[in-house]
$ cat work-v3.cif   # mmCIF, C-alpha atoms
data_my_file
#
loop_
_atom_site.label_atom_id
_atom_site.label_comp_id
_atom_site.auth_asym_id
_atom_site.auth_seq_id
_atom_site.Cartn_x
_atom_site.Cartn_y
_atom_site.Cartn_z
CA MET A 1 0.00 0.00 0.00
CA PRO A 2 1.28 3.51 -0.72
CA THR A 3 2.78 5.43 2.18
CA LEU A 4 0.97 8.26 3.92
CA SER A 5 3.18 10.89 5.48
CA MET A 6 2.36 13.92 7.56
CA ASN A 7 3.89 17.20 6.45
CA GLU A 8 5.43 19.34 9.16
CA VAL A 9 3.59 22.46 8.00
CA THR A 10 0.41 20.77 9.28
CA THR A 11 1.71 20.62 12.85
CA PHE A 12 3.03 24.15 12.58
CA ARG A 13 3.61 24.80 16.28
CA TRP A 14 5.45 21.59 17.08
CA THR A 15 9.22 21.41 16.79
CA LEU A 16 10.97 18.90 14.54
CA GLU A 17 11.67 16.74 17.57
CA GLU A 18 8.00 16.75 18.58
CA ASP A 19 6.93 16.01 15.01
CA VAL A 20 9.19 12.99 14.75
CA ARG A 21 8.22 11.56 18.12
CA ARG A 22 4.50 12.07 17.71
CA TYR A 23 4.30 10.96 14.08
CA VAL A 24 5.96 7.67 15.03
CA ALA A 25 3.65 7.25 18.03
CA ALA A 26 0.62 7.83 15.78
CA GLY A 27 1.71 5.04 13.43
CA TYR A 28 3.11 7.03 10.51
CA GLU A 29 5.86 5.57 8.34
CA GLY A 30 6.67 8.82 6.54
CA ILE A 31 7.27 12.51 7.16
CA GLY A 32 7.18 15.52 4.88
CA VAL A 33 10.06 17.68 6.11
CA TRP A 34 9.83 21.47 6.23
CA ARG A 35 13.23 23.10 5.80
CA GLN A 36 12.46 25.85 8.32
CA LYS A 37 11.99 23.37 11.16
CA LEU A 38 15.06 21.43 10.09
CA ALA A 39 17.15 24.61 10.11
CA ASP A 40 15.79 25.61 13.52
CA PHE A 41 16.75 22.21 14.96
CA GLY A 42 20.09 22.00 13.14
CA GLU A 43 20.35 20.28 9.79
CA GLU A 44 22.93 17.63 10.62
CA ALA A 45 21.30 16.76 13.93
CA GLY A 46 17.89 16.74 12.25
CA VAL A 47 19.02 14.34 9.54
CA ASP A 48 20.32 11.98 12.24
CA LEU A 49 17.14 12.30 14.33
CA ILE A 50 14.88 11.42 11.42
CA ALA A 51 17.10 8.52 10.33
CA GLU A 52 17.10 7.08 13.85
CA SER A 53 13.29 7.37 14.07
CA GLY A 54 12.73 5.05 11.12
CA LEU A 55 10.50 7.60 9.38
CA ARG A 56 11.01 7.85 5.64
CA VAL A 57 11.17 11.35 4.20
CA THR A 58 8.62 11.44 1.38
CA ASN A 59 9.35 15.02 0.34
CA LEU A 60 11.39 18.02 1.41
CA LEU A 61 9.62 21.39 1.31
CA TRP A 62 10.88 23.49 -0.56
CA ALA A 63 13.28 25.28 -2.95
CA GLY A 64 12.69 27.70 -5.81
CA GLY A 65 11.80 31.35 -6.27
CA PHE A 66 13.84 31.50 -9.48
CA THR A 67 11.84 34.45 -10.83
CA GLY A 68 12.92 36.70 -7.98
CA SER A 69 9.46 36.82 -6.39
CA CYS A 70 10.82 35.77 -2.98
CA GLY A 71 13.31 38.65 -2.79
CA ARG A 72 16.40 36.72 -3.87
CA THR A 73 18.19 36.95 -7.18
CA PRO A 74 17.84 33.95 -9.51
CA ASP A 75 21.46 32.97 -8.78
CA GLU A 76 20.86 33.12 -5.03
CA SER A 77 17.79 30.93 -5.43
CA ILE A 78 19.76 28.44 -7.51
CA GLN A 79 22.49 28.22 -4.88
CA ASP A 80 19.87 27.71 -2.19
CA ALA A 81 18.31 24.96 -4.30
CA VAL A 82 21.69 23.23 -4.67
CA HIS A 83 21.95 23.18 -0.88
CA ALA A 84 18.37 21.86 -0.62
CA ILE A 85 19.13 19.08 -3.11
CA ARG A 86 22.13 17.97 -1.09
CA LEU A 87 20.02 18.11 2.06
CA ALA A 88 17.30 16.04 0.38
CA GLY A 89 19.96 13.50 -0.58
CA ALA A 90 21.19 13.29 3.01
CA LEU A 91 17.61 12.74 4.18
CA GLY A 92 16.95 10.09 1.53
CA ALA A 93 13.94 12.15 0.48
CA GLY A 94 11.62 10.91 -2.20
CA CYS A 95 11.67 14.34 -3.82
CA LEU A 96 12.40 18.03 -3.30
CA VAL A 97 9.35 20.19 -3.95
CA ILE A 98 10.01 23.13 -6.27
CA TYR A 99 8.00 26.37 -6.28
CA PRO A 100 9.34 28.19 -9.35
CA GLY A 101 8.34 31.67 -8.19
CA GLY A 102 5.53 34.03 -9.18
CA ARG A 103 5.39 36.07 -12.36
CA ASN A 104 7.06 39.00 -10.57
CA PHE A 105 6.27 41.44 -13.43
CA HIS A 106 7.76 39.06 -16.01
CA ILE A 107 5.82 37.91 -19.02
CA TYR A 108 5.19 34.15 -19.00
CA ARG A 109 8.02 33.38 -21.43
CA GLN A 110 10.56 35.28 -19.34
CA ALA A 111 9.45 33.46 -16.18
CA GLU A 112 9.68 30.13 -18.00
CA ARG A 113 13.19 30.96 -19.24
CA LEU A 114 14.31 31.69 -15.68
CA LEU A 115 12.87 28.38 -14.51
CA ARG A 116 14.45 26.43 -17.35
CA SER A 117 17.80 28.10 -16.75
CA ALA A 118 17.62 26.97 -13.13
CA LEU A 119 16.55 23.42 -14.02
CA ASP A 120 19.34 23.13 -16.58
CA GLN A 121 21.80 23.66 -13.73
CA LEU A 122 20.00 21.78 -10.96
CA LEU A 123 19.10 18.51 -12.64
CA ASP A 124 22.72 17.37 -12.70
CA TYR A 125 22.94 17.89 -8.94
CA ALA A 126 19.64 16.04 -8.49
CA ALA A 127 20.89 13.11 -10.57
CA ASP A 128 24.11 12.95 -8.54
CA VAL A 129 22.19 12.39 -5.28
CA GLU A 130 19.27 10.58 -6.95
CA VAL A 131 16.57 12.96 -5.70
CA ALA A 132 13.74 14.02 -7.99
CA LEU A 133 12.73 17.66 -8.27
CA ALA A 134 8.93 17.87 -8.07
CA ILE A 135 7.49 21.07 -9.53
CA GLU A 136 4.20 22.08 -7.93
CA PRO A 137 1.63 24.06 -9.93
CA MET A 138 -1.08 25.92 -8.04
CA HIS A 139 -4.56 27.26 -8.68
CA ALA A 140 -4.27 30.80 -10.04
CA ALA A 141 -5.96 32.32 -6.99
CA CYS A 142 -3.19 30.95 -4.74
CA ALA A 143 -0.15 31.22 -6.97
CA ALA A 144 1.00 34.86 -6.97
CA ASP A 145 3.82 34.47 -4.45
CA TRP A 146 4.73 30.90 -5.36
CA THR A 147 4.54 29.98 -9.03
CA PHE A 148 3.59 31.16 -12.49
CA LEU A 149 2.51 27.59 -13.33
CA THR A 150 -1.23 27.50 -12.71
CA ASP A 151 -2.40 24.43 -14.59
CA ILE A 152 -1.45 20.78 -14.76
CA GLU A 153 -1.19 20.60 -18.56
CA SER A 154 1.58 23.18 -18.94
CA THR A 155 3.50 21.74 -15.99
CA VAL A 156 3.39 18.23 -17.44
CA ALA A 157 4.52 19.61 -20.81
CA LEU A 158 7.49 21.26 -19.09
CA VAL A 159 8.37 18.06 -17.24
CA GLU A 160 8.06 15.94 -20.38
CA SER A 161 10.30 18.29 -22.34
CA TYR A 162 13.27 17.34 -20.13
CA ARG A 163 12.84 13.57 -20.41
CA SER A 164 14.57 13.19 -17.05
CA PRO A 165 13.63 10.69 -14.35
CA PHE A 166 14.67 13.37 -11.85
CA LEU A 167 12.04 15.93 -12.87
CA LYS A 168 8.52 15.26 -11.63
CA LEU A 169 5.24 16.92 -10.70
CA ALA A 170 3.88 17.53 -7.20
CA PHE A 171 0.11 17.02 -7.47
CA ASP A 172 -1.96 18.84 -4.85
CA THR A 173 -5.60 17.93 -4.35
CA TYR A 174 -6.37 21.32 -2.77
CA HIS A 175 -5.43 23.05 -6.02
CA PHE A 176 -6.72 20.59 -8.63
CA GLY A 177 -8.97 18.07 -6.88
CA HIS A 178 -12.02 19.83 -8.32
CA ASP A 179 -10.84 19.70 -11.95
CA GLN A 180 -12.76 16.94 -13.69
CA ALA A 181 -10.56 17.14 -16.79
CA VAL A 182 -7.50 16.44 -14.66
CA LEU A 183 -9.19 13.66 -12.71
CA ALA A 184 -10.37 11.99 -15.93
CA ASN A 185 -6.76 11.73 -17.11
CA LEU A 186 -5.06 10.29 -14.03
CA PRO A 187 -3.47 7.37 -15.95
CA GLU A 188 -1.60 9.88 -18.13
CA LEU A 189 -0.65 11.96 -15.10
CA VAL A 190 0.55 9.19 -12.78
CA PRO A 191 3.96 8.52 -14.44
CA HIS A 192 4.93 12.15 -13.84
CA ILE A 193 3.94 12.43 -10.17
CA GLY A 194 6.69 12.65 -7.55
CA VAL A 195 4.39 13.19 -4.54
CA VAL A 196 0.69 13.81 -3.91
CA HIS A 197 -0.18 16.52 -1.38
CA LEU A 198 -3.53 15.95 0.28
CA GLY A 199 -5.78 18.72 1.50
CA ASP A 200 -9.55 19.17 1.36
CA ARG A 201 -11.40 22.40 0.68
CA ILE A 202 -14.71 24.08 1.55
CA GLU A 203 -14.09 27.72 0.66
CA SER A 204 -13.07 29.05 -2.73
CA HIS A 205 -9.36 29.00 -3.53
CA SER A 206 -7.48 31.88 -1.94
CA ILE A 207 -3.91 32.99 -1.31
CA ASP A 208 -4.29 31.83 2.31
CA GLN A 209 -5.16 28.26 1.25
CA TYR A 210 -7.61 27.38 4.02
CA ARG A 211 -7.25 23.62 3.85
CA GLN A 212 -9.66 21.24 5.54
CA PRO A 213 -8.87 17.83 7.06
CA LEU A 214 -9.30 14.88 4.72
CA GLY A 215 -12.93 14.07 4.08
CA GLU A 216 -14.23 17.24 5.76
CA GLY A 217 -14.44 19.40 2.64
CA ARG A 218 -16.28 19.27 -0.65
CA LEU A 219 -13.57 17.53 -2.64
CA HIS A 220 -13.88 13.80 -3.27
CA ILE A 221 -10.52 12.98 -1.67
CA ALA A 222 -11.28 9.28 -1.24
CA GLU A 223 -12.16 8.91 -4.93
CA ILE A 224 -9.03 10.80 -5.97
CA VAL A 225 -6.77 8.61 -3.84
CA ARG A 226 -8.38 5.42 -5.11
CA GLY A 227 -8.30 6.74 -8.67
CA LEU A 228 -4.57 7.43 -8.46
CA VAL A 229 -3.83 4.00 -7.02
CA ASP A 230 -6.07 2.28 -9.58
CA ALA A 231 -4.22 4.21 -12.31
CA GLY A 232 -0.95 2.70 -11.12
CA TYR A 233 0.37 5.28 -8.68
CA THR A 234 2.63 3.59 -6.11
CA GLY A 235 4.27 6.71 -4.70
CA ASP A 236 3.71 8.76 -1.59
CA PHE A 237 0.74 10.72 -0.26
CA ASP A 238 1.50 13.61 2.09
CA VAL A 239 -1.04 15.41 4.28
CA GLU A 240 -0.44 19.16 3.92
CA LEU A 241 -2.88 21.36 5.81
CA SER A 242 -1.09 24.71 5.79
CA GLY A 243 -3.29 27.77 6.11
CA ARG A 244 -5.52 26.35 8.84
CA ASP A 245 -5.25 27.79 12.33
CA VAL A 246 -5.47 24.39 14.01
CA PRO A 247 -5.09 24.57 17.80
CA GLU A 248 -2.02 22.67 18.97
CA SER A 249 -4.25 20.65 21.28
CA GLU A 250 -5.90 19.10 18.19
CA TYR A 251 -2.72 17.96 16.41
CA ASP A 252 -2.85 14.42 17.82
CA ASP A 253 -6.47 14.06 16.70
CA LEU A 254 -5.52 15.34 13.25
CA LEU A 255 -2.74 12.77 12.98
CA ARG A 256 -5.04 9.93 13.99
CA ASP A 257 -7.97 11.00 11.84
CA SER A 258 -5.85 11.53 8.71
CA LEU A 259 -4.25 8.09 8.99
CA ASN A 260 -7.58 6.40 9.72
CA PHE A 261 -9.15 8.11 6.69
CA PHE A 262 -6.35 6.99 4.40
CA GLU A 263 -6.41 3.40 5.66
CA ARG A 264 -10.19 3.22 5.23
CA VAL A 265 -9.92 4.48 1.67
CA LEU A 266 -7.47 1.77 0.68
CA ALA A 267 -8.72 -1.05 2.92
CA PRO A 268 -9.74 -4.17 0.99
CA VAL A 269 -13.39 -5.13 1.35
CA GLY A 270 -14.47 -8.44 -0.13
CA GLY A 271 -11.30 -8.51 -2.22
CA GLU A 272 -11.84 -4.96 -3.50
CA ARG A 273 -11.07 -1.52 -2.10
CA SER A 274 -14.04 0.23 -0.60
#
$ encode --input "work-v3.cif" --output "structure tokens"
Amino acid sequence: MPTLSMNEVTTFRWTLEEDVRRYVAAGYEGIGVWRQKLADFGEEAGVDLIAESGLRVTNLLWAGGFTGSCGRTPDESIQDAVHAIRLAGALGAGCLVIYPGGRNFHIYRQAERLLRSALDQLLDYAADVEVALAIEPMHAACAADWTFLTDIESTVALVESYRSPFLKLAFDTYHFGHDQAVLANLPELVPHIGVVHLGDRIESHSIDQYRQPLGEGRLHIAEIVRGLVDAGYTGDFDVELSGRDVPESEYDDLLRDSLNFFERVLAPVGGERS
């Protein structure tokens, strides 16, 4: 069965040490690592802590900003991404999530050139440590600070143009779980997916990304998960609930409920998944 991990942005107020301890206690096999918490704890010590816990790092969040939208120059963002790739390699991460950067007053072609220039340099580093770069597109209402890629089709076309096993797509249900055209073409999408981020939604898309726990929104998360698995996806699912002001006292419940939801979705019933 595919692995479910919990992303550290979900348990925002816990430290890395608390995340690791409580994820293991809740029965998780994987963790989505947030670079900020790793830096706060100490990168080398954090790598050792996670390795000793037995948790597998499904994805490292994040590197990018190659368009200058995050306040760094493209070269500074590339150097930061090189460091993140090496860190992902040390963690044994399934992939490093890439947010290319917003338009930042560029026309689309200029933004794409900046991204391609970065990828041309970074893919060799990724191949050296055998870590895939997973580019994450976002719904247009959420994307301004993060990426100029706002649809699945153009992102897949970009990934396919490189023909590299180390360039993938991060598919996020919050952003595209409503798109019937995308969901109808999961078999074509699956070979390109490096990680699936799970988050439900009630409200319209917004820059704040108010994500709901799995099964508590209006997206058909269970059908999407089953559809991906039935289409041949054997990779990782990662619960990412950034944007929600979840009280720290509810984190343990959120861990339990997310894992129970995922296990119910994929549990065999009479020889078939429910």
$ resolve_selection --input "work-v3.cif" --expression "the PyMOL selection byres ((chain A and resi 144) around 10)" --output "list in words"
Ser69, Gly101, Gly102, Arg103, Asn104, Met138, His139, Ala140, Ala141, Cys142, Ala143, Asp145, Trp146, Thr147, Phe148, Leu149, Thr150 and Ile207 of chain A
$ resolve_selection --input "work-v3.cif" --expression "the PyMOL selection byres ((chain A and resi 28) around 8)" --output "list in words"
Leu4, Ser5, Met6, Tyr23, Val24, Ala25, Ala26, Gly27, Glu29, Gly30, Ile31, Leu55 and Leu259 of chain A
$ write_last_selection --input "work-v3.cif" --atoms "C-alpha atoms" --output "compact mmCIF listing (two decimals), keeping the file's coordinate frame"
# COMPACT_ATOMS: atom_id res chain seq x y z
CA LEU A 4 0.97 8.26 3.92
CA SER A 5 3.18 10.89 5.48
CA MET A 6 2.36 13.92 7.56
CA TYR A 23 4.30 10.96 14.08
CA VAL A 24 5.96 7.67 15.03
CA ALA A 25 3.65 7.25 18.03
CA ALA A 26 0.62 7.83 15.78
CA GLY A 27 1.71 5.04 13.43
CA GLU A 29 5.86 5.57 8.34
CA GLY A 30 6.67 8.82 6.54
CA ILE A 31 7.27 12.51 7.16
CA LEU A 55 10.50 7.60 9.38
CA LEU A 259 -4.25 8.09 8.99
$ resolve_selection --input "work-v3.cif" --expression "the PyMOL selection byres ((chain A and resi 240-257) around 6)" --output "PyMOL selection string"
chain A and resi 7+9-10+197-199+208-211+239+258-260
$ closest_residue --input "work-v3.cif" --among "A:Ile193, A:Ala84, A:Trp14, A:Thr3" --to "Arg56 in chain A" --atoms "all atoms listed in the file"
A:Thr3
$ atom_distance --input "work-v3.cif" --atom1 "CA of Asp124 in chain A" --atom2 "CA of Ile85 in chain A"
10.4 Å
$ closest_residue --input "work-v3.cif" --among "A:Glu188, A:Asp48, A:Glu43, A:Asp238" --to "His83 in chain A" --atoms "only C-alpha atoms"
A:Glu43
$ decode --input "work-v3.cif" --residues "range 41-87 of chain A" --atoms "N, CA and C atoms" --output "tab-separated table (two decimals), in the first residue's frame"
chain	number	residue	atom	x	y	z
A	41	PHE	N	16.23	23.30	14.13
A	41	PHE	CA	16.75	22.21	14.96
A	41	PHE	C	18.24	22.02	14.76
A	42	GLY	N	18.71	22.29	13.54
A	42	GLY	CA	20.09	22.00	13.14
A	42	GLY	C	20.05	20.91	12.10
A	43	GLU	N	20.54	21.21	10.90
A	43	GLU	CA	20.35	20.28	9.79
A	43	GLU	C	21.00	18.92	10.03
A	44	GLU	N	22.25	18.91	10.43
A	44	GLU	CA	22.93	17.63	10.62
A	44	GLU	C	22.26	16.81	11.72
A	45	ALA	N	21.96	17.47	12.84
A	45	ALA	CA	21.30	16.76	13.93
A	45	ALA	C	19.91	16.29	13.52
A	46	GLY	N	19.22	17.11	12.71
A	46	GLY	CA	17.89	16.74	12.25
A	46	GLY	C	17.90	15.54	11.32
A	47	VAL	N	18.87	15.49	10.43
A	47	VAL	CA	19.02	14.34	9.54
A	47	VAL	C	19.22	13.07	10.36
A	48	ASP	N	20.06	13.15	11.38
A	48	ASP	CA	20.32	11.98	12.24
A	48	ASP	C	19.06	11.58	13.02
A	49	LEU	N	18.35	12.58	13.55
A	49	LEU	CA	17.14	12.30	14.33
A	49	LEU	C	16.11	11.57	13.49
A	50	ILE	N	15.88	12.05	12.28
A	50	ILE	CA	14.88	11.42	11.42
A	50	ILE	C	15.31	10.02	11.02
A	51	ALA	N	16.59	9.84	10.70
A	51	ALA	CA	17.10	8.52	10.33
A	51	ALA	C	16.91	7.53	11.48
A	52	GLU	N	17.21	7.97	12.69
A	52	GLU	CA	17.10	7.08	13.85
A	52	GLU	C	15.65	6.73	14.17
A	53	SER	N	14.71	7.61	13.78
A	53	SER	CA	13.29	7.37	14.07
A	53	SER	C	12.68	6.27	13.22
A	54	GLY	N	13.30	6.01	12.06
A	54	GLY	CA	12.73	5.05	11.12
A	54	GLY	C	11.74	5.66	10.16
A	55	LEU	N	11.40	6.94	10.32
A	55	LEU	CA	10.50	7.60	9.38
A	55	LEU	C	11.20	7.81	8.05
A	56	ARG	N	10.47	7.59	6.97
A	56	ARG	CA	11.01	7.85	5.64
A	56	ARG	C	10.56	9.23	5.19
A	57	VAL	N	11.49	10.00	4.66
A	57	VAL	CA	11.17	11.35	4.20
A	57	VAL	C	10.57	11.24	2.79
A	58	THR	N	9.29	11.55	2.67
A	58	THR	CA	8.62	11.44	1.38
A	58	THR	C	8.91	12.64	0.48
A	59	ASN	N	9.04	13.82	1.11
A	59	ASN	CA	9.35	15.02	0.34
A	59	ASN	C	9.93	16.08	1.27
A	60	LEU	N	10.80	16.90	0.69
A	60	LEU	CA	11.39	18.02	1.41
A	60	LEU	C	10.79	19.30	0.84
A	61	LEU	N	10.30	20.16	1.70
A	61	LEU	CA	9.62	21.39	1.31
A	61	LEU	C	10.48	22.59	1.73
A	62	TRP	N	10.98	23.44	0.87
A	62	TRP	CA	10.88	23.49	-0.56
A	62	TRP	C	12.10	24.26	-1.05
A	63	ALA	N	12.29	24.39	-2.34
A	63	ALA	CA	13.28	25.28	-2.95
A	63	ALA	C	12.63	25.94	-4.15
A	64	GLY	N	13.24	27.02	-4.64
A	64	GLY	CA	12.69	27.70	-5.81
A	64	GLY	C	12.82	29.21	-5.73
A	65	GLY	N	11.76	29.90	-6.22
A	65	GLY	CA	11.80	31.35	-6.27
A	65	GLY	C	12.73	31.88	-7.34
A	66	PHE	N	12.85	31.15	-8.45
A	66	PHE	CA	13.84	31.50	-9.48
A	66	PHE	C	13.49	32.77	-10.26
A	67	THR	N	12.25	33.23	-10.13
A	67	THR	CA	11.84	34.45	-10.83
A	67	THR	C	12.13	35.71	-10.03
A	68	GLY	N	12.63	35.55	-8.82
A	68	GLY	CA	12.92	36.70	-7.98
A	68	GLY	C	11.76	37.15	-7.12
A	69	SER	N	10.66	36.38	-7.13
A	69	SER	CA	9.46	36.82	-6.39
A	69	SER	C	9.63	36.69	-4.88
A	70	CYS	N	10.63	35.93	-4.42
A	70	CYS	CA	10.82	35.77	-2.98
A	70	CYS	C	11.89	36.71	-2.43
A	71	GLY	N	12.35	37.65	-3.26
A	71	GLY	CA	13.31	38.65	-2.79
A	71	GLY	C	14.76	38.30	-3.01
A	72	ARG	N	15.03	37.11	-3.55
A	72	ARG	CA	16.40	36.72	-3.87
A	72	ARG	C	16.62	36.85	-5.37
A	73	THR	N	17.87	36.98	-5.76
A	73	THR	CA	18.19	36.95	-7.18
A	73	THR	C	18.05	35.52	-7.67
A	74	PRO	N	17.89	35.32	-8.99
A	74	PRO	CA	17.84	33.95	-9.51
A	74	PRO	C	19.06	33.12	-9.12
A	75	ASP	N	20.25	33.72	-9.15
A	75	ASP	CA	21.46	32.97	-8.78
A	75	ASP	C	21.44	32.57	-7.31
A	76	GLU	N	20.96	33.46	-6.46
A	76	GLU	CA	20.86	33.12	-5.03
A	76	GLU	C	19.88	31.97	-4.81
A	77	SER	N	18.78	32.00	-5.56
A	77	SER	CA	17.79	30.93	-5.43
A	77	SER	C	18.34	29.61	-5.94
A	78	ILE	N	19.14	29.66	-6.99
A	78	ILE	CA	19.76	28.44	-7.51
A	78	ILE	C	20.74	27.86	-6.49
A	79	GLN	N	21.55	28.71	-5.88
A	79	GLN	CA	22.49	28.22	-4.88
A	79	GLN	C	21.77	27.64	-3.67
A	80	ASP	N	20.67	28.27	-3.28
A	80	ASP	CA	19.87	27.71	-2.19
A	80	ASP	C	19.30	26.36	-2.58
A	81	ALA	N	18.87	26.22	-3.83
A	81	ALA	CA	18.31	24.96	-4.30
A	81	ALA	C	19.38	23.87	-4.35
A	82	VAL	N	20.60	24.21	-4.70
A	82	VAL	CA	21.69	23.23	-4.67
A	82	VAL	C	21.86	22.69	-3.25
A	83	HIS	N	21.85	23.61	-2.28
A	83	HIS	CA	21.95	23.18	-0.88
A	83	HIS	C	20.77	22.28	-0.50
A	84	ALA	N	19.56	22.66	-0.94
A	84	ALA	CA	18.37	21.86	-0.62
A	84	ALA	C	18.44	20.47	-1.26
A	85	ILE	N	18.98	20.38	-2.45
A	85	ILE	CA	19.13	19.08	-3.11
A	85	ILE	C	20.07	18.19	-2.32
A	86	ARG	N	21.18	18.75	-1.89
A	86	ARG	CA	22.13	17.97	-1.09
A	86	ARG	C	21.50	17.54	0.23
A	87	LEU	N	20.71	18.43	0.82
A	87	LEU	CA	20.02	18.11	2.06
A	87	LEU	C	19.00	17.00	1.83
